[in-house]
file structure31.cif (mmCIF, C-alpha atoms)
data_start
loop_
_atom_site.group_PDB
_atom_site.id
_atom_site.type_symbol
_atom_site.label_atom_id
_atom_site.label_comp_id
_atom_site.auth_asym_id
_atom_site.auth_seq_id
_atom_site.Cartn_x
_atom_site.Cartn_y
_atom_site.Cartn_z
ATOM 1 C CA MET A 60 8.350 -60.753 54.242
ATOM 2 C CA SER A 61 7.151 -63.996 52.721
ATOM 3 C CA SER A 62 8.688 -65.496 49.616
ATOM 4 C CA LYS A 63 8.234 -68.805 47.914
ATOM 5 C CA VAL A 64 9.529 -70.528 44.833
ATOM 6 C CA VAL A 65 7.208 -72.582 42.616
ATOM 7 C CA SER A 66 7.580 -74.447 39.357
ATOM 8 C CA ALA A 67 6.012 -72.943 36.239
ATOM 9 C CA GLU A 68 5.223 -76.515 35.173
ATOM 10 C CA ASP A 69 3.170 -77.234 38.326
ATOM 11 C CA MET A 70 -0.315 -77.499 36.829
ATOM 12 C CA THR A 71 -1.926 -78.512 40.143
ATOM 13 C CA LYS A 72 -2.203 -74.866 41.257
ATOM 14 C CA PRO A 73 -4.135 -72.081 39.508
ATOM 15 C CA ILE A 74 -2.121 -69.862 37.172
ATOM 16 C CA ILE A 75 -4.057 -66.603 37.135
ATOM 17 C CA ARG A 76 -3.447 -64.027 34.409
ATOM 18 C CA LYS A 77 -5.027 -60.601 34.724
ATOM 19 C CA LYS A 78 -6.034 -58.519 31.703
ATOM 20 C CA SER A 79 -8.031 -55.308 31.728
ATOM 21 C CA ILE A 80 -9.650 -52.829 29.370
ATOM 22 C CA SER A 81 -11.519 -49.580 29.815
ATOM 23 C CA VAL A 82 -14.605 -48.519 27.908
ATOM 24 C CA SER A 83 -16.208 -45.113 27.462
ATOM 25 C CA ASN A 84 -19.673 -44.222 26.231
ATOM 26 C CA ALA A 85 -20.901 -40.708 25.436
ATOM 27 C CA GLY A 86 -24.613 -41.334 25.973
ATOM 28 C CA ASP A 87 -25.246 -43.060 22.660
ATOM 29 C CA MET A 88 -24.912 -46.618 21.304
ATOM 30 C CA LYS A 89 -21.185 -46.353 20.549
ATOM 31 C CA ALA A 90 -18.625 -47.689 23.001
ATOM 32 C CA VAL A 91 -14.921 -46.942 22.624
ATOM 33 C CA VAL A 92 -12.871 -49.810 24.003
ATOM 34 C CA ASP A 93 -9.310 -49.016 25.125
ATOM 35 C CA ALA A 94 -7.269 -52.206 25.075
ATOM 36 C CA GLY A 95 -4.120 -50.531 26.400
ATOM 37 C CA GLU A 96 -1.045 -51.406 24.381
ATOM 38 C CA PHE A 97 -3.266 -52.738 21.571
ATOM 39 C CA GLY A 98 -5.058 -49.446 20.947
ATOM 40 C CA THR A 99 -8.770 -48.750 20.750
ATOM 41 C CA PHE A 100 -11.704 -50.127 18.838
ATOM 42 C CA VAL A 101 -15.384 -49.239 18.638
ATOM 43 C CA THR A 102 -18.573 -51.221 19.036
ATOM 44 C CA ASP A 103 -21.806 -49.663 17.879
ATOM 45 C CA GLU A 104 -25.240 -50.579 16.642
ATOM 46 C CA PRO A 105 -26.438 -50.157 13.066
ATOM 47 C CA ILE A 106 -28.292 -46.944 12.225
ATOM 48 C CA ALA A 107 -31.500 -48.989 11.859
ATOM 49 C CA HIS A 108 -31.179 -49.966 15.554
ATOM 50 C CA GLY A 109 -30.428 -46.457 16.831
ATOM 51 C CA GLY A 110 -26.641 -46.514 16.522
ATOM 52 C CA GLY A 111 -24.211 -44.741 14.268
ATOM 53 C CA SER A 112 -22.837 -47.802 12.424
ATOM 54 C CA GLU A 113 -19.279 -46.877 13.434
ATOM 55 C CA GLY A 114 -18.247 -50.430 14.299
ATOM 56 C CA PRO A 115 -19.483 -53.955 14.778
ATOM 57 C CA SER A 116 -22.278 -54.557 17.256
ATOM 58 C CA PRO A 117 -21.183 -55.927 20.628
ATOM 59 C CA LEU A 118 -22.615 -59.317 19.636
ATOM 60 C CA GLN A 119 -20.642 -59.275 16.384
ATOM 61 C CA ALA A 120 -17.559 -58.466 18.466
ATOM 62 C CA VAL A 121 -18.253 -61.534 20.632
ATOM 63 C CA LEU A 122 -18.560 -63.647 17.482
ATOM 64 C CA GLY A 123 -15.255 -62.205 16.249
ATOM 65 C CA SER A 124 -13.722 -62.957 19.635
ATOM 66 C CA LEU A 125 -14.886 -66.560 19.327
ATOM 67 C CA CYS A 126 -13.241 -66.962 15.915
ATOM 68 C CA GLY A 127 -10.086 -65.190 17.091
ATOM 69 C CA CYS A 128 -9.870 -67.266 20.273
ATOM 70 C CA GLU A 129 -10.439 -70.513 18.362
ATOM 71 C CA SER A 130 -7.679 -69.435 15.971
ATOM 72 C CA VAL A 131 -5.159 -68.720 18.741
ATOM 73 C CA THR A 132 -6.079 -71.888 20.630
ATOM 74 C CA PHE A 133 -5.896 -73.995 17.456
ATOM 75 C CA ASN A 134 -2.445 -72.590 16.668
ATOM 76 C CA ARG A 135 -1.094 -73.405 20.136
ATOM 77 C CA THR A 136 -2.658 -76.862 20.103
ATOM 78 C CA ALA A 137 -1.411 -77.586 16.585
ATOM 79 C CA ALA A 138 2.133 -76.739 17.677
ATOM 80 C CA GLU A 139 1.870 -79.156 20.617
ATOM 81 C CA PHE A 140 0.515 -81.899 18.336
ATOM 82 C CA ASP A 141 3.101 -81.156 15.598
ATOM 83 C CA PHE A 142 0.160 -80.517 13.255
ATOM 84 C CA LYS A 143 1.077 -78.518 10.157
ATOM 85 C CA TYR A 144 -1.434 -76.183 8.520
ATOM 86 C CA GLU A 145 -1.324 -73.115 6.311
ATOM 87 C CA GLY A 146 -4.268 -71.212 7.732
ATOM 88 C CA ILE A 147 -7.905 -71.131 8.782
ATOM 89 C CA GLU A 148 -10.766 -69.085 7.346
ATOM 90 C CA TYR A 149 -13.829 -68.701 9.578
ATOM 91 C CA GLU A 150 -17.430 -67.964 8.694
ATOM 92 C CA ALA A 151 -19.766 -67.465 11.644
ATOM 93 C CA MET A 152 -23.315 -66.386 12.386
ATOM 94 C CA PHE A 153 -25.616 -66.195 15.370
ATOM 95 C CA THR A 154 -29.304 -66.164 16.146
ATOM 96 C CA ILE A 155 -30.889 -64.180 18.944
ATOM 97 C CA ASP A 156 -34.450 -63.740 20.179
ATOM 98 C CA ILE A 157 -34.586 -59.958 20.532
ATOM 99 C CA ARG A 158 -37.485 -60.157 22.982
ATOM 100 C CA GLY A 159 -34.862 -60.749 25.705
ATOM 101 C CA ARG A 160 -33.123 -57.459 24.907
ATOM 102 C CA LYS A 161 -36.517 -55.749 24.915
ATOM 103 C CA GLY A 162 -37.129 -56.822 28.509
ATOM 104 C CA VAL A 163 -39.295 -59.922 28.133
ATOM 105 C CA ARG A 164 -38.424 -61.956 31.227
ATOM 106 C CA GLY A 165 -37.719 -65.617 30.658
ATOM 107 C CA VAL A 166 -36.239 -64.976 27.199
ATOM 108 C CA VAL A 167 -32.435 -65.013 27.298
ATOM 109 C CA PRO A 168 -30.946 -61.817 25.840
ATOM 110 C CA HIS A 169 -27.833 -63.551 24.492
ATOM 111 C CA PHE A 170 -27.175 -65.854 21.560
ATOM 112 C CA GLN A 171 -29.579 -68.721 20.972
ATOM 113 C CA THR A 172 -27.265 -70.445 18.514
ATOM 114 C CA VAL A 173 -23.864 -69.865 17.022
ATOM 115 C CA ARG A 174 -22.874 -71.607 13.804
ATOM 116 C CA MET A 175 -19.288 -71.515 12.686
ATOM 117 C CA GLN A 176 -17.421 -73.095 9.805
ATOM 118 C CA ALA A 177 -13.647 -73.289 10.056
ATOM 119 C CA ASN A 178 -11.928 -73.996 6.754
ATOM 120 C CA VAL A 179 -8.492 -75.418 7.552
ATOM 121 C CA THR A 180 -5.859 -75.618 4.827
ATOM 122 C CA THR A 181 -3.669 -78.612 5.624
ATOM 123 C CA ASP A 182 -2.247 -81.820 4.195
ATOM 124 C CA GLU A 183 -2.725 -83.579 7.531
ATOM 125 C CA THR A 184 -5.401 -86.299 7.699
ATOM 126 C CA GLU A 185 -8.978 -85.695 8.839
ATOM 127 C CA GLU A 186 -8.227 -87.923 11.860
ATOM 128 C CA ARG A 187 -5.292 -85.712 12.905
ATOM 129 C CA LEU A 188 -7.419 -82.600 12.352
ATOM 130 C CA ALA A 189 -10.141 -84.106 14.558
ATOM 131 C CA GLU A 190 -7.590 -84.646 17.374
ATOM 132 C CA VAL A 191 -6.475 -81.013 17.252
ATOM 133 C CA VAL A 192 -10.081 -79.777 17.021
ATOM 134 C CA GLU A 193 -11.162 -81.807 20.054
ATOM 135 C CA GLU A 194 -8.334 -80.364 22.143
ATOM 136 C CA THR A 195 -8.877 -76.852 20.765
ATOM 137 C CA GLU A 196 -12.538 -76.864 21.745
ATOM 138 C CA ALA A 197 -11.708 -78.197 25.210
ATOM 139 C CA ARG A 198 -9.204 -75.351 25.748
ATOM 140 C CA CYS A 199 -10.762 -72.319 24.027
ATOM 141 C CA PRO A 200 -11.990 -69.861 26.694
ATOM 142 C CA VAL A 201 -14.555 -68.047 24.518
ATOM 143 C CA TYR A 202 -15.948 -71.284 23.051
ATOM 144 C CA ASN A 203 -16.423 -72.683 26.561
ATOM 145 C CA LEU A 204 -17.886 -69.412 27.870
ATOM 146 C CA LEU A 205 -20.620 -69.609 25.238
ATOM 147 C CA LYS A 206 -21.154 -73.333 25.735
ATOM 148 C CA ASP A 207 -21.377 -72.925 29.526
ATOM 149 C CA ALA A 208 -23.979 -70.154 29.012
ATOM 150 C CA GLY A 209 -26.185 -72.713 27.286
ATOM 151 C CA VAL A 210 -25.623 -71.387 23.774
ATOM 152 C CA LYS A 211 -25.996 -74.064 21.119
ATOM 153 C CA VAL A 212 -22.607 -73.862 19.364
ATOM 154 C CA GLU A 213 -22.421 -75.781 16.095
ATOM 155 C CA THR A 214 -19.005 -75.907 14.463
ATOM 156 C CA THR A 215 -18.017 -77.590 11.225
ATOM 157 C CA TRP A 216 -14.312 -77.980 10.599
ATOM 158 C CA VAL A 217 -13.569 -78.476 6.899
ATOM 159 C CA ARG A 218 -10.209 -79.833 5.764
ATOM 160 C CA HIS A 219 -8.878 -78.365 2.489
ATOM 161 C CA SER A 220 -5.686 -79.784 1.041
ATOM 162 C CA THR A 221 -2.973 -77.271 0.213
ATOM 163 C CA ALA A 222 -3.013 -78.435 -3.429
ATOM 164 C CA ALA A 223 -6.757 -77.811 -3.722
ATOM 165 C CA ALA A 224 -6.414 -74.415 -2.013
ATOM 166 C CA ALA A 225 -3.613 -73.418 -4.415
ATOM 167 C CA ASN A 226 -5.800 -74.286 -7.419
ATOM 168 C CA ALA A 227 -8.874 -72.447 -6.108
#
call {"tool": "encode", "arguments": {"input": "structure31.cif", "output": "structure tokens"}}
result
Amino acid sequence: MSSKVVSAEDMTKPIIRKKSISVSNAGDMKAVVDAGEFGTFVTDEPIAHGGGSEGPSPLQAVLGSLCGCESVTFNRTAAEFDFKYEGIEYEAMFTIDIRGRKGVRGVVPHFQTVRMQANVTTDETEERLAEVVEETEARCPVYNLLKDAGVKVETTWVRHSTAAAANA
């Protein structure tokens, strides 16, 4: 038997976390994703694209994952930076050249661009927001996955004061 004791604060060694899902497909465009303790959700294509419109498209789900991951990462980073905020509202869109999905070689089948606007309600300064944003984007797994795939990710972070948000 081999045992060893390591420090949880030792950031020189990889800290690997394993997550898994299962997905089933019944021969149509719909996929039922089982996320274990978090239940199931569906991805599907619109009726116009041969699906049943029972859920977001897989690409919309990726876009939602980006916004969700940015949100989680921002929250953790804000806590570390003692940055106070009331919330974030995201708007996001993507472009894709569908020739790649139709089999045209040399045309990437994934996003060409992703544009996201994050509306942050906070009384912190724009400079402090910029510090948290820089660290958030460096740490966010989904953001970096897209960036590393060569997707042009354009994000605008907009600071809204809590007073202005309350009067809106």
call {"tool": "residues_around", "arguments": {"input": "structure31.cif", "residues": "segment 210-222 of chain A", "least_positions_apart": "5", "cutoff": "6 Å", "atoms": "all atoms listed in the file", "output": "PyMOL selection string"}}
result
chain A and resi 171-182+205
call {"tool": "resolve_selection", "arguments": {"input": "structure31.cif", "expression": "the PyMOL selection byres ((chain A and resi 187) around 12)", "output": "list in words"}}
result
Thr136, Ala137, Phe140, Asp141, Phe142, Lys143, Tyr144, Thr181, Asp182, Glu183, Thr184, Glu185, Glu186, Leu188, Ala189, Glu190, Val191, Val192, Glu193, Glu194 and Arg218 of chain A
call {"tool": "residues_around", "arguments": {"input": "structure31.cif", "residues": "Gly111 of chain A", "least_positions_apart": "3", "cutoff": "12 Å", "atoms": "all atoms listed in the file", "output": "list in words"}}
result
Asp87, Met88, Lys89, Ala90, Val101, Thr102, Asp103, Glu104, Pro105, Ile106, Ala107, His108, Gly114, Pro115 and Ser116 of chain A
call {"tool": "closest_atom_pairs", "arguments": {"input": "structure31.cif", "of": "segment 138-205 of chain A", "to": "segment 128-132 of chain A", "cutoff": "8 Å", "atoms": "only C-alpha atoms", "output": "JSON lines"}}
result
{"residue": "A:Ile147", "atom": "CA", "partner": "A:Ser130", "partner_atom": "CA", "distance": 7.4}
{"residue": "A:Thr195", "atom": "CA", "partner": "A:Thr132", "partner_atom": "CA", "distance": 5.7}
{"residue": "A:Glu196", "atom": "CA", "partner": "A:Glu129", "partner_atom": "CA", "distance": 7.5}
{"residue": "A:Arg198", "atom": "CA", "partner": "A:Thr132", "partner_atom": "CA", "distance": 6.9}
{"residue": "A:Cys199", "atom": "CA", "partner": "A:Thr132", "partner_atom": "CA", "distance": 5.8}
{"residue": "A:Pro200", "atom": "CA", "partner": "A:Cys128", "partner_atom": "CA", "distance": 7.2}
{"residue": "A:Val201", "atom": "CA", "partner": "A:Cys128", "partner_atom": "CA", "distance": 6.4}
{"residue": "A:Tyr202", "atom": "CA", "partner": "A:Glu129", "partner_atom": "CA", "distance": 7.3}
call {"tool": "residues_around", "arguments": {"input": "structure31.cif", "residues": "segment 77-84 of chain A", "least_positions_apart": "2", "cutoff": "6 Å", "atoms": "all atoms listed in the file", "output": "MDAnalysis selection string"}}
result
chainID A and resid 86 90:94
call {"tool": "write_last_selection", "arguments": {"input": "structure31.cif", "atoms": "C-alpha atoms", "output": "mmCIF file, in the coordinates of the input"}}
result
data_model
loop_
_atom_site.group_PDB
_atom_site.id
_atom_site.type_symbol
_atom_site.label_atom_id
_atom_site.label_comp_id
_atom_site.auth_asym_id
_atom_site.auth_seq_id
_atom_site.Cartn_x
_atom_site.Cartn_y
_atom_site.Cartn_z
ATOM 1 C CA GLY A 86 -24.613 -41.334 25.973
ATOM 2 C CA ALA A 90 -18.625 -47.689 23.001
ATOM 3 C CA VAL A 91 -14.921 -46.942 22.624
ATOM 4 C CA VAL A 92 -12.871 -49.810 24.003
ATOM 5 C CA ASP A 93 -9.310 -49.016 25.125
ATOM 6 C CA ALA A 94 -7.269 -52.206 25.075
#
call {"tool": "axis_aligned_box", "arguments": {"input": "structure31.cif", "around": "segment 158-176 of chain A", "padding_each_side": "6 Å", "output": "JSON"}}
result
{"center_x": -28.4, "center_y": -64.4, "center_z": 20.5, "size_x": 33.9, "size_y": 29.3, "size_z": 33.4}
